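Text of input-v1.cif (mmCIF, C-alpha atoms) as supplied:
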data_protein
loop_
_atom_site.label_atom_id
_atom_site.label_comp_id
_atom_site.auth_asym_id
_atom_site.auth_seq_id
_atom_site.Cartn_x
_atom_site.Cartn_y
_atom_site.Cartn_z
CA MET A 831 74.51 90.46 55.49
CA GLN A 832 73.91 91.21 51.83
CA LEU A 833 73.31 87.93 49.99
CA SER A 834 74.14 89.24 46.51
CA GLY A 835 77.19 90.71 44.85
CA ASN A 836 79.67 88.55 46.79
CA THR A 837 82.45 86.21 45.69
CA ILE A 838 81.88 83.10 47.78
CA LEU A 839 84.04 80.01 48.27
CA ILE A 840 82.14 76.97 49.56
CA THR A 841 84.01 73.84 50.62
CA GLY A 842 82.28 70.51 50.12
CA GLY A 843 80.16 72.04 47.37
CA GLY A 844 79.58 68.80 45.50
CA SER A 845 76.73 67.50 47.65
CA GLY A 846 74.39 68.13 50.55
CA ILE A 847 74.32 71.51 52.26
CA GLY A 848 77.30 72.75 50.25
CA GLN A 849 75.59 72.02 46.96
CA GLY A 850 72.33 73.55 48.16
CA LEU A 851 74.08 76.73 49.29
CA ALA A 852 76.06 76.96 46.04
CA VAL A 853 72.97 76.82 43.86
CA ALA A 854 70.91 79.15 46.06
CA LEU A 855 73.66 81.77 46.30
CA ALA A 856 74.47 81.59 42.60
CA GLU A 857 70.82 82.37 41.91
CA ARG A 858 71.19 85.51 44.06
CA ASP A 859 73.74 87.09 41.73
CA ASN A 860 76.88 85.99 43.58
CA THR A 861 80.06 84.60 42.09
CA VAL A 862 80.13 81.13 43.62
CA ILE A 863 83.19 78.89 43.78
CA ILE A 864 83.05 75.35 45.12
CA CYS A 865 85.77 72.88 46.02
CA GLY A 866 85.84 69.27 47.07
CA ARG A 867 87.66 65.96 46.76
CA ARG A 868 85.53 64.41 44.02
CA GLN A 869 85.46 66.08 40.61
CA ALA A 870 82.38 64.12 39.56
CA ALA A 871 80.40 65.52 42.51
CA LEU A 872 81.57 69.07 41.73
CA ASP A 873 80.48 68.59 38.13
CA GLU A 874 76.99 67.61 39.33
CA THR A 875 76.69 70.94 41.16
CA VAL A 876 77.96 72.92 38.16
CA ALA A 877 75.39 71.10 36.02
CA LEU A 878 72.68 72.64 38.22
CA ASN A 879 74.01 76.16 37.59
CA SER A 880 76.68 76.69 34.94
CA THR A 881 77.86 79.97 36.49
CA ILE A 882 79.40 78.09 39.43
CA HIS A 883 83.17 77.63 39.33
CA SER A 884 84.73 74.43 40.70
CA TYR A 885 88.19 73.39 41.94
CA ARG A 886 89.12 69.87 42.93
CA CYS A 887 90.91 70.00 46.28
CA ASP A 888 91.46 67.54 49.11
CA LEU A 889 91.25 69.86 52.10
CA SER A 890 92.73 67.25 54.42
CA LYS A 891 96.09 67.94 52.70
CA SER A 892 97.82 71.21 53.56
CA ASP A 893 99.66 71.46 50.24
CA GLU A 894 96.39 71.27 48.33
CA ILE A 895 94.92 74.07 50.46
CA ASP A 896 97.93 76.25 49.64
CA HIS A 897 97.59 75.43 45.95
CA LEU A 898 93.87 76.29 46.00
CA VAL A 899 94.50 79.70 47.56
CA ARG A 900 97.21 80.47 45.00
CA GLN A 901 95.00 79.33 42.13
CA LEU A 902 92.06 81.46 43.28
CA SER A 903 94.31 84.51 43.34
CA TYR A 904 95.82 83.66 39.95
CA ASP A 905 92.34 83.28 38.44
CA GLY A 906 91.30 86.67 39.79
CA HIS A 907 88.68 85.51 42.30
CA ALA A 908 88.51 88.22 44.99
CA VAL A 909 86.84 86.02 47.61
CA ASN A 910 85.07 87.98 50.35
CA VAL A 911 83.00 85.13 51.85
CA LEU A 912 84.35 81.74 52.91
CA ILE A 913 81.94 78.97 53.89
CA ASN A 914 83.76 76.10 55.61
CA ASN A 915 81.18 73.39 55.03
CA ALA A 916 83.09 70.22 54.08
CA ALA A 917 83.06 67.48 56.68
CA ILE A 918 83.52 63.75 57.19
CA LEU A 919 81.35 61.68 59.54
CA ASN A 920 82.37 58.20 60.69
CA HIS A 921 80.94 55.96 63.38
CA TYR A 922 82.95 54.26 66.12
CA HIS A 923 82.47 52.05 69.15
CA LEU A 924 85.41 53.05 71.33
CA GLY A 925 84.86 50.00 73.52
CA LYS A 926 86.08 47.90 70.60
CA PRO A 927 89.60 49.27 69.95
CA GLU A 928 90.38 46.52 67.45
CA ARG A 929 87.98 48.28 65.07
CA PHE A 930 89.60 51.69 65.51
CA ASP A 931 91.43 52.85 62.38
CA ARG A 932 93.92 55.61 63.19
CA ALA A 933 94.24 56.71 59.55
CA VAL A 934 90.47 57.08 59.17
CA ALA A 935 90.21 59.05 62.40
CA ASP A 936 93.14 61.28 61.40
CA THR A 937 91.54 62.12 58.05
CA GLU A 938 88.22 62.90 59.74
CA ILE A 939 89.78 65.27 62.27
CA ARG A 940 91.92 66.97 59.63
CA ALA A 941 88.95 67.49 57.30
CA ASN A 942 86.60 68.75 60.02
CA LEU A 943 88.95 70.89 62.09
CA GLN A 944 92.43 71.43 60.70
CA ALA A 945 91.24 72.16 57.14
CA PRO A 946 88.82 74.97 58.14
CA VAL A 947 91.53 76.47 60.37
CA GLU A 948 94.21 76.32 57.67
CA LEU A 949 91.94 77.56 54.88
CA SER A 950 90.56 80.42 56.99
CA MET A 951 94.02 81.62 57.92
CA ALA A 952 95.38 81.20 54.39
CA LEU A 953 92.50 83.20 52.90
CA LEU A 954 92.30 85.81 55.65
CA PRO A 955 94.73 88.31 54.05
CA LEU A 956 92.64 88.23 50.86
CA LEU A 957 89.36 88.47 52.75
CA GLN A 958 90.56 91.51 54.69
CA GLN A 959 91.17 93.36 51.44
CA GLN A 960 87.56 92.92 50.28
CA PRO A 961 84.34 94.71 51.21
CA SER A 962 82.02 92.92 53.65
CA PRO A 963 84.36 89.99 54.44
CA CYS A 964 82.83 87.00 56.21
CA ILE A 965 83.83 83.52 57.37
CA ILE A 966 80.99 81.06 57.90
CA ASN A 967 81.79 77.79 59.67
CA VAL A 968 79.28 74.96 59.52
CA GLY A 969 79.47 73.41 62.96
CA SER A 970 77.18 70.89 64.62
CA PRO A 971 75.10 70.47 67.77
CA GLY A 972 77.35 67.41 68.22
CA GLY A 973 80.20 69.83 68.82
CA ILE A 974 78.29 71.18 71.81
CA VAL A 975 76.92 67.88 73.13
CA ALA A 976 79.00 64.90 71.99
CA VAL A 977 77.17 62.08 70.22
CA SER A 978 78.26 58.61 71.29
CA THR A 979 78.19 57.08 67.80
CA SER A 980 80.41 59.78 66.26
CA PRO A 981 83.12 60.72 68.79
CA MET A 982 85.72 61.98 66.26
CA TYR A 983 83.10 64.10 64.48
CA SER A 984 81.90 65.51 67.80
CA ALA A 985 85.45 66.23 68.97
CA SER A 986 86.44 67.95 65.73
CA LYS A 987 83.26 70.04 65.66
CA ALA A 988 83.87 71.02 69.30
CA GLY A 989 87.30 72.22 68.25
CA LEU A 990 85.80 74.13 65.33
CA HIS A 991 83.34 75.80 67.70
CA ALA A 992 86.19 76.96 69.96
CA PHE A 993 88.19 78.21 66.98
CA THR A 994 85.16 80.08 65.64
CA GLN A 995 84.53 81.83 68.95
CA VAL A 996 88.14 82.99 69.26
CA LEU A 997 88.34 83.97 65.58
CA ARG A 998 85.21 86.10 66.00
CA LEU A 999 86.78 87.83 68.99
CA HIS A 1000 90.10 88.48 67.24
CA LEU A 1001 88.49 89.73 64.01
CA LYS A 1002 85.81 91.87 65.62
CA GLY A 1003 85.22 94.95 63.51
CA SER A 1004 87.14 93.65 60.49
CA VAL A 1005 85.73 90.28 59.40
CA ARG A 1006 82.34 88.88 60.33
CA VAL A 1007 82.49 85.33 61.71
CA VAL A 1008 79.37 83.15 61.76
CA GLU A 1009 78.74 79.59 62.96
CA VAL A 1010 75.88 77.44 61.71
CA PHE A 1011 74.41 74.58 63.75
CA PRO A 1012 72.29 72.48 61.38
CA PRO A 1013 70.20 69.53 62.55
CA THR A 1014 70.60 66.07 61.02
CA VAL A 1015 70.15 66.79 57.30
CA GLU A 1016 69.08 64.31 54.62
CA THR A 1017 72.39 63.80 52.80
CA ALA A 1018 74.60 60.91 51.68
CA MET A 1019 76.75 61.47 54.79
CA THR A 1020 73.79 60.74 57.10
CA SER A 1021 72.28 57.85 55.13
CA ASP A 1022 73.03 55.34 57.90
CA ILE A 1023 71.66 57.54 60.69
CA HIS A 1024 68.16 56.44 61.64
CA ARG A 1025 66.45 59.47 63.13
CA ALA A 1026 64.33 62.36 61.88
CA LYS A 1027 66.11 64.47 59.27
CA VAL A 1028 65.61 67.85 57.62
CA GLY A 1029 65.76 68.33 53.86
CA VAL A 1030 68.68 70.21 52.32
CA HIS A 1031 66.40 72.89 50.86
CA SER A 1032 64.85 73.65 54.28
CA CYS A 1033 68.27 73.79 55.93
CA VAL A 1034 69.70 76.13 53.27
CA LYS A 1035 66.66 78.39 53.52
CA ALA A 1036 67.15 78.67 57.30
CA ILE A 1037 70.86 79.43 56.89
CA LEU A 1038 70.20 82.24 54.41
CA LYS A 1039 67.51 83.68 56.67
CA GLY A 1040 69.93 83.68 59.62
CA LEU A 1041 72.58 85.44 57.54
CA GLU A 1042 70.10 88.09 56.45
CA GLN A 1043 69.23 88.63 60.12
CA ASN A 1044 72.94 89.12 60.95
CA ARG A 1045 73.09 86.31 63.49
CA ASP A 1046 76.51 85.25 64.75
CA GLU A 1047 75.13 81.79 65.50
CA ILE A 1048 72.44 80.17 63.37
CA TRP A 1049 70.70 77.27 65.12
CA ILE A 1050 68.31 75.22 62.99
CA GLY A 1051 65.65 72.65 63.85
CA GLU A 1052 66.57 70.16 66.57
CA GLY A 1053 69.79 72.09 67.20
CA ARG A 1054 67.72 74.75 68.93
CA ILE A 1055 66.57 72.11 71.41
CA VAL A 1056 70.19 71.33 72.25
CA ARG A 1057 70.91 75.01 72.84
CA TRP A 1058 67.82 75.33 75.03
CA LEU A 1059 68.78 72.27 77.09
CA MET A 1060 72.34 73.55 77.55
CA ASN A 1061 70.97 76.79 78.93
CA LEU A 1062 68.62 74.93 81.25
CA LEU A 1063 70.50 71.89 82.57
CA PRO A 1064 74.05 70.97 83.62
CA PRO A 1065 76.09 69.82 80.58
CA GLY A 1066 76.54 66.31 82.00
CA TRP A 1067 72.80 65.86 82.26
CA VAL A 1068 72.28 67.01 78.68
CA PHE A 1069 74.95 64.56 77.46
CA LYS A 1070 73.21 61.67 79.22
CA LEU A 1071 69.79 62.76 77.97
CA VAL A 1072 70.86 63.11 74.34
CA ASN A 1073 72.77 59.83 74.30
CA SER A 1074 70.01 57.89 76.02
CA GLN A 1075 67.97 58.05 72.82
CA PRO A 1076 67.84 54.69 70.93
CA SER A 1077 69.17 56.28 67.73
CA MET A 1078 72.33 57.36 69.59
CA HIS A 1079 73.40 53.87 70.68
CA PRO A 1080 76.65 52.66 69.07
CA LYS A 1081 76.33 49.51 66.99
#
Now, as a test, write the supplied structure out as structure tokens.
Amino acid sequence: MQLSGNTILITGGGSGIGQGLAVALAERDNTVIICGRRQAALDETVALNSTIHSYRCDLSKSDEIDHLVRQLSYDGHAVNVLINNAAILNHYHLGKPERFDRAVADTEIRANLQAPVELSMALLPLLQQQPSPCIINVGSPGGIVAVSTSPMYSASKAGLHAFTQVLRLHLKGSVRVVEVFPPTVETAMTSDIHRAKVGVHSCVKAILKGLEQNRDEIWIGEGRIVRWLMNLLPPGWVFKLVNSQPSMHPK
């Protein structure tokens, strides 16, 4: 994959991996567009590189996705690369149903699964008209082996993984489809997770390297251990092994 000369839309570009990718790709002579729920966060990314364009958009709302796609077309942005990066991570103890908030869970699933599906399909006609079209979905090892403290996140990322696999099959030869499996990254979203983390810069560097190497799946850091275990052991054993770690115990 050529990492210059593209027009790239990155969701969740106001912080974390999204912000890191936005700045790194803008520095490689790409037109970079970011979107997210918080204008202040988007402004922080633009302050790091003034060539980045930003659009405030709550991707958990279908009407805002439709508006974003129309606005991009109206503004003349011929997007050829979509990076579905935005995500929400909440923690639950399902043995305590009185603490379960249906609205919170619904927003999390919509943001992590339904939004990437809707945005990908809404942008697909535009992508197919451009040279070197690509959809990059930021998944999670938790979508392969569920993490007990984040069941809705794991479930939505598992759904995104299934969608990505089928999308790649259906678009073979027309649009490249890539899935990224980052480890636990040092971001605001993971501030209450107490286990070893990778810096944003290191994660972004690994993602760009994987794209340059034309990988369909980019596994980074501890995620590679999960992939190795899944190839070696029965899935049920891997689930028990991963969730036996002290940092995986629900509070």
- [ ] For stretch 910-914 of chain A, list every protein, DNA or RNA residue within 7 Å, evaluated using all atoms listed in the file, and leave out those in the same chain fewer than 4 positions away; present the list as a PyMOL selection string.
- [x] chain A and resi 836-841+946+957+960-968
Open item on the list: Residues near A:Met951, anyone? I mean within 12 Å using all atoms listed in the file, not counting same-chain ones fewer than 5 positions away, as a list in words.
Closed with: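 Here the answer would be Ser892, Ile895, Asp896, Val899, Leu912, Asn914, Gln944, Ala945, Pro946, Leu956, Leu957, Gln958, Ile965, Phe993, Thr994, Leu997 and Leu1001 of chain A.
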TODO: Output the residue selection produced by the PyMOL selection byres ((chain A and resi 920-933) around 8) on the file above, formatted as a ChimeraX atom specification.
DONE: /A:918-919,934-938,979-983,1080-1081
Open item on the list: Could you list, as number ranges by chain, every residue matched by the PyMOL selection byres ((chain A and resi 1052-1055) around 10) in this structure?
Closed with: A: 970-972, 974, 1010-1014, 1026-1028, 1048-1051, 1056-1061
TODO: Would you mind telling me which residue in A:Leu872, A:Ala985, A:Ala916, A:Leu833 lies nearest to A:Arg858 when using only C-alpha atoms?
DONE: A:Leu833
Open item on the list: Please determine, counting only C-alpha atoms, which residue among A:Val977, A:Val1068, A:Leu1062, A:Ile882 has the shortest atom-to-atom distance to A:Asp859.
Closed with: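 For A:Asp859, the nearest of the candidates is A:Ile882.
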Open item on the list: As an exercise, work out the distance from atom CA of A:Cys887 to atom CA of A:Ala854 in Å and give it to one decimal place.
Closed with: 22.0 Å
TODO: One decimal, Å: what's the distance from atom CA of A:Gly843 over to atom CA of A:Ile864, could you say?
DONE: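 Between atom CA of A:Gly843 and atom CA of A:Ile864 the gap works out to 4.9 Å.
Residue selection for this entry, given the PyMOL selection byres ((chain A and resi 874) around 12), comprises Gly843, Gly844, Ser845, Gly846, Gln849, Gly850, Ala852, Val853, Ile864, Gly866, Arg868, Gln869, Ala870, Ala871, Leu872, Asp873, Thr875, Val876, Ala877, Leu878, Asn879, Ser880, Ile882, His883 and Ser884 of chain A.
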Open item on the list: When you count all atoms listed in the file, which of these residues is closest to A:Cys865: A:Arg1045, A:Met831, A:Leu949, A:Ile939?
Closed with: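 Ranked by minimum distance to A:Cys865, first place goes to A:Leu949.
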